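Structure, as structure tokens:
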Amino acid sequence: MDKIELGRLGIWRPWSMLDPELAKDVEDLGYGAIWIGGSPRGDLKIAERLLAGTDRIVIATGIVNMWATPAAEVAASYHRLNEAHGGRFLLGVGIGHPEATQEYRSPYETIVRYLDDLDAAGVPAGGRVLAALGPKVLRLAAERTAGAHPYFTTPEHTQQARETLGAGPLLVPEQKVVLDTDAARARATAREAARMVLGLRNYVGNFKRLGFSDADVAGGGSDALIDALVAQGGAAALAARVRGHLDAGADQVAVQVLGDDDPRPALREIAEALG
């Protein structure tokens, strides 16, 4: 299948905080994709509702968890959505993290088997992306899918990921942002969001590959780590971080707005600042 056109700006938001009205507003703001986070269920009813409520925007999963959802179930959902909505659905899948399940073992082999099962169920490589942080899984993403969807990373990681993927595959990092010019309050919001991953070894391992130390990832994370992971400040500062990913080789950046129940104002200001 042809490469899906995403545009350079998308959003990432947990499935429980998405609805068709927000999806339509995001589309009208000019964003190219909505990435459904929070491990949406395999029936992908939330994606179906978002697709039905929009006209052009791509709806993607970021991500369906391989441990929680059989490949056959999500493959059936993939075919149902694409048949109904003209190729506007992109399936993002991933392994999650070791702390999420007692059955987590041999993650790389599990990913390979899952992709094999998607192949057998007729889900084309060009219609799926893989959550990937380290070089081994990034290479697998390039070989077996349309590309990679890294989570909780930096423009420096995006540059390394692009070098690993090569020129062709999609690269869509998620980027957390806090639209708040009160520096102390913005960093507190950012630190609260980072707390969830500082005890997860796949993320911590990635932070250390990026050059952060044991001290940086201890406790609530150093200021340097928090500031590198979460863009904070006014719209210009947030747009500059997004632009950093794009300049480093990202095809699109999936923006996750923190600290606001309604992400629309921040999304509007970021889009305007990027021009």
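How things are named: the first chain in the structure tokens is A, the next is B, and so on; residues count from 1 in each chain; ligands count from 1 in the order shown.
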Quiz item: Hey, what's within 6 Å of stretch 83-98 of chain A if we count only C-alpha atoms and toss same-chain stuff fewer than 2 positions away? As a list of chain:residue names, please?
Solution: A:Val58, A:Ile59, A:Ala60, A:Thr61, A:Gly62, A:Ile63, A:Val64, A:Asn65, A:Met66, A:His79, A:Arg80, A:Leu81, A:Ala100, A:Tyr104, A:Gly127, A:Arg128, A:Val129, A:Leu130, A:Ala131
Practice problem: Return as JSON, numbers by chain the full set of residues in stretch 76-217 of chain A whose backbone-based DSSP assignment is helix (DSSP H, G or I). | Solution: {"A": [76, 77, 78, 79, 80, 81, 82, 83, 84, 85, 98, 99, 100, 107, 108, 109, 110, 111, 112, 113, 114, 115, 116, 117, 118, 119, 120, 125, 126, 127, 135, 136, 137, 138, 139, 140, 141, 142, 143, 144, 155, 156, 157, 158, 159, 160, 161, 162, 163, 164, 165, 183, 184, 185, 186, 187, 188, 189, 190, 191, 192, 193, 194, 201, 202, 203, 204, 205, 206, 207, 208, 209, 214, 215, 216, 217]}
Quiz prompt | Spatial neighbours of stretch 243-255 of chain A, max dist 7 Å, only C-alpha atoms, sep filter under 4 positions, as number ranges by chain | solution = A: 6-12, 155, 158-159, 162, 170-177, 239
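For the atom pair formed by atom CA of A:Ala266 and atom CA of A:Glu48, the distance is 25.6 Å, given to one decimal.
Close contacts of A:Thr181, defined as residues with an atom at most 9 Å away when counting only C-alpha atoms, with chain neighbours fewer than 4 positions off set aside, comprise Arg185, Ala186, Gln232, Gly233 and Gly234 of chain A.
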Output the selection as a short mmCIF file (atom, residue, chain, number, x, y, z; two decimals), in the first residue's frame - all heavy atoms for each residue.
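Result file is part_6.cif:
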data_model
loop_
_atom_site.label_atom_id
_atom_site.label_comp_id
_atom_site.auth_asym_id
_atom_site.auth_seq_id
_atom_site.Cartn_x
_atom_site.Cartn_y
_atom_site.Cartn_z
N ARG A 185 5.77 26.16 38.01
CA ARG A 185 4.52 25.41 37.86
C ARG A 185 4.57 24.49 36.65
O ARG A 185 4.12 23.33 36.72
CB ARG A 185 3.36 26.39 37.75
CG ARG A 185 1.98 25.76 37.78
CD ARG A 185 0.92 26.85 37.84
NE ARG A 185 1.01 27.75 36.69
CZ ARG A 185 0.58 29.00 36.70
NH1 ARG A 185 0.05 29.53 37.80
NH2 ARG A 185 0.67 29.76 35.61
N ALA A 186 5.15 24.97 35.56
CA ALA A 186 5.26 24.14 34.36
C ALA A 186 6.13 22.92 34.61
O ALA A 186 5.79 21.80 34.20
CB ALA A 186 5.82 24.97 33.21
N GLN A 232 8.27 23.07 27.83
CA GLN A 232 7.53 23.92 28.74
C GLN A 232 7.70 25.38 28.34
O GLN A 232 8.74 25.76 27.82
CB GLN A 232 8.04 23.75 30.17
CG GLN A 232 8.04 22.31 30.68
CD GLN A 232 9.13 22.08 31.70
OE1 GLN A 232 9.29 22.85 32.64
NE2 GLN A 232 9.91 21.02 31.54
N GLY A 233 6.67 26.20 28.61
CA GLY A 233 6.77 27.63 28.35
C GLY A 233 5.66 28.11 27.44
O GLY A 233 4.56 27.53 27.39
N GLY A 234 5.95 29.19 26.72
CA GLY A 234 4.99 29.74 25.79
C GLY A 234 4.95 28.97 24.48
O GLY A 234 5.71 28.02 24.27
#
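Closest to A:Tyr31 among A:Asp116, A:Glu5, A:Glu143, A:Glu73 is A:Glu5, based on only C-alpha atoms.
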Practice problem: Go through A:Pro263, A:Pro135, A:Gly166, A:Gly53 and flag the residue nearest A:Tyr108, using only C-alpha atoms for the distances. | Solution: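 Smallest distance to A:Tyr108 is found for A:Pro135.
Atom pair atom CA of A:Ala167 / atom CA of A:Ala148: separated by 12.4 Å.
Of the listed residues (A:Leu229, A:Met196, A:Leu210, A:Leu179), A:Leu210 comes nearest to A:Ala161; the distances count only C-alpha atoms.
Summary of the local environment: counting only C-alpha atoms, residues at most 12 Å from A:Leu18, other than itself and those fewer than 4 positions away along its chain, are Ile11, Trp12, Arg13, Pro14, Leu22, Ala23, Lys24, Asp25, Val26, Ile34, Trp35, Ile36, Gly37, Gly38, Pro40, Lys45, Ile46, Ala47, Glu48, Arg49, Leu50, Leu51, Gly53, Ile59, Asp261, Asp262 and Pro263 of chain A.
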Quiz item: Among stretch 99-209 of chain A, which ones does DSSP place in strand (DSSP E), written as a count of residues only?
Solution: 13
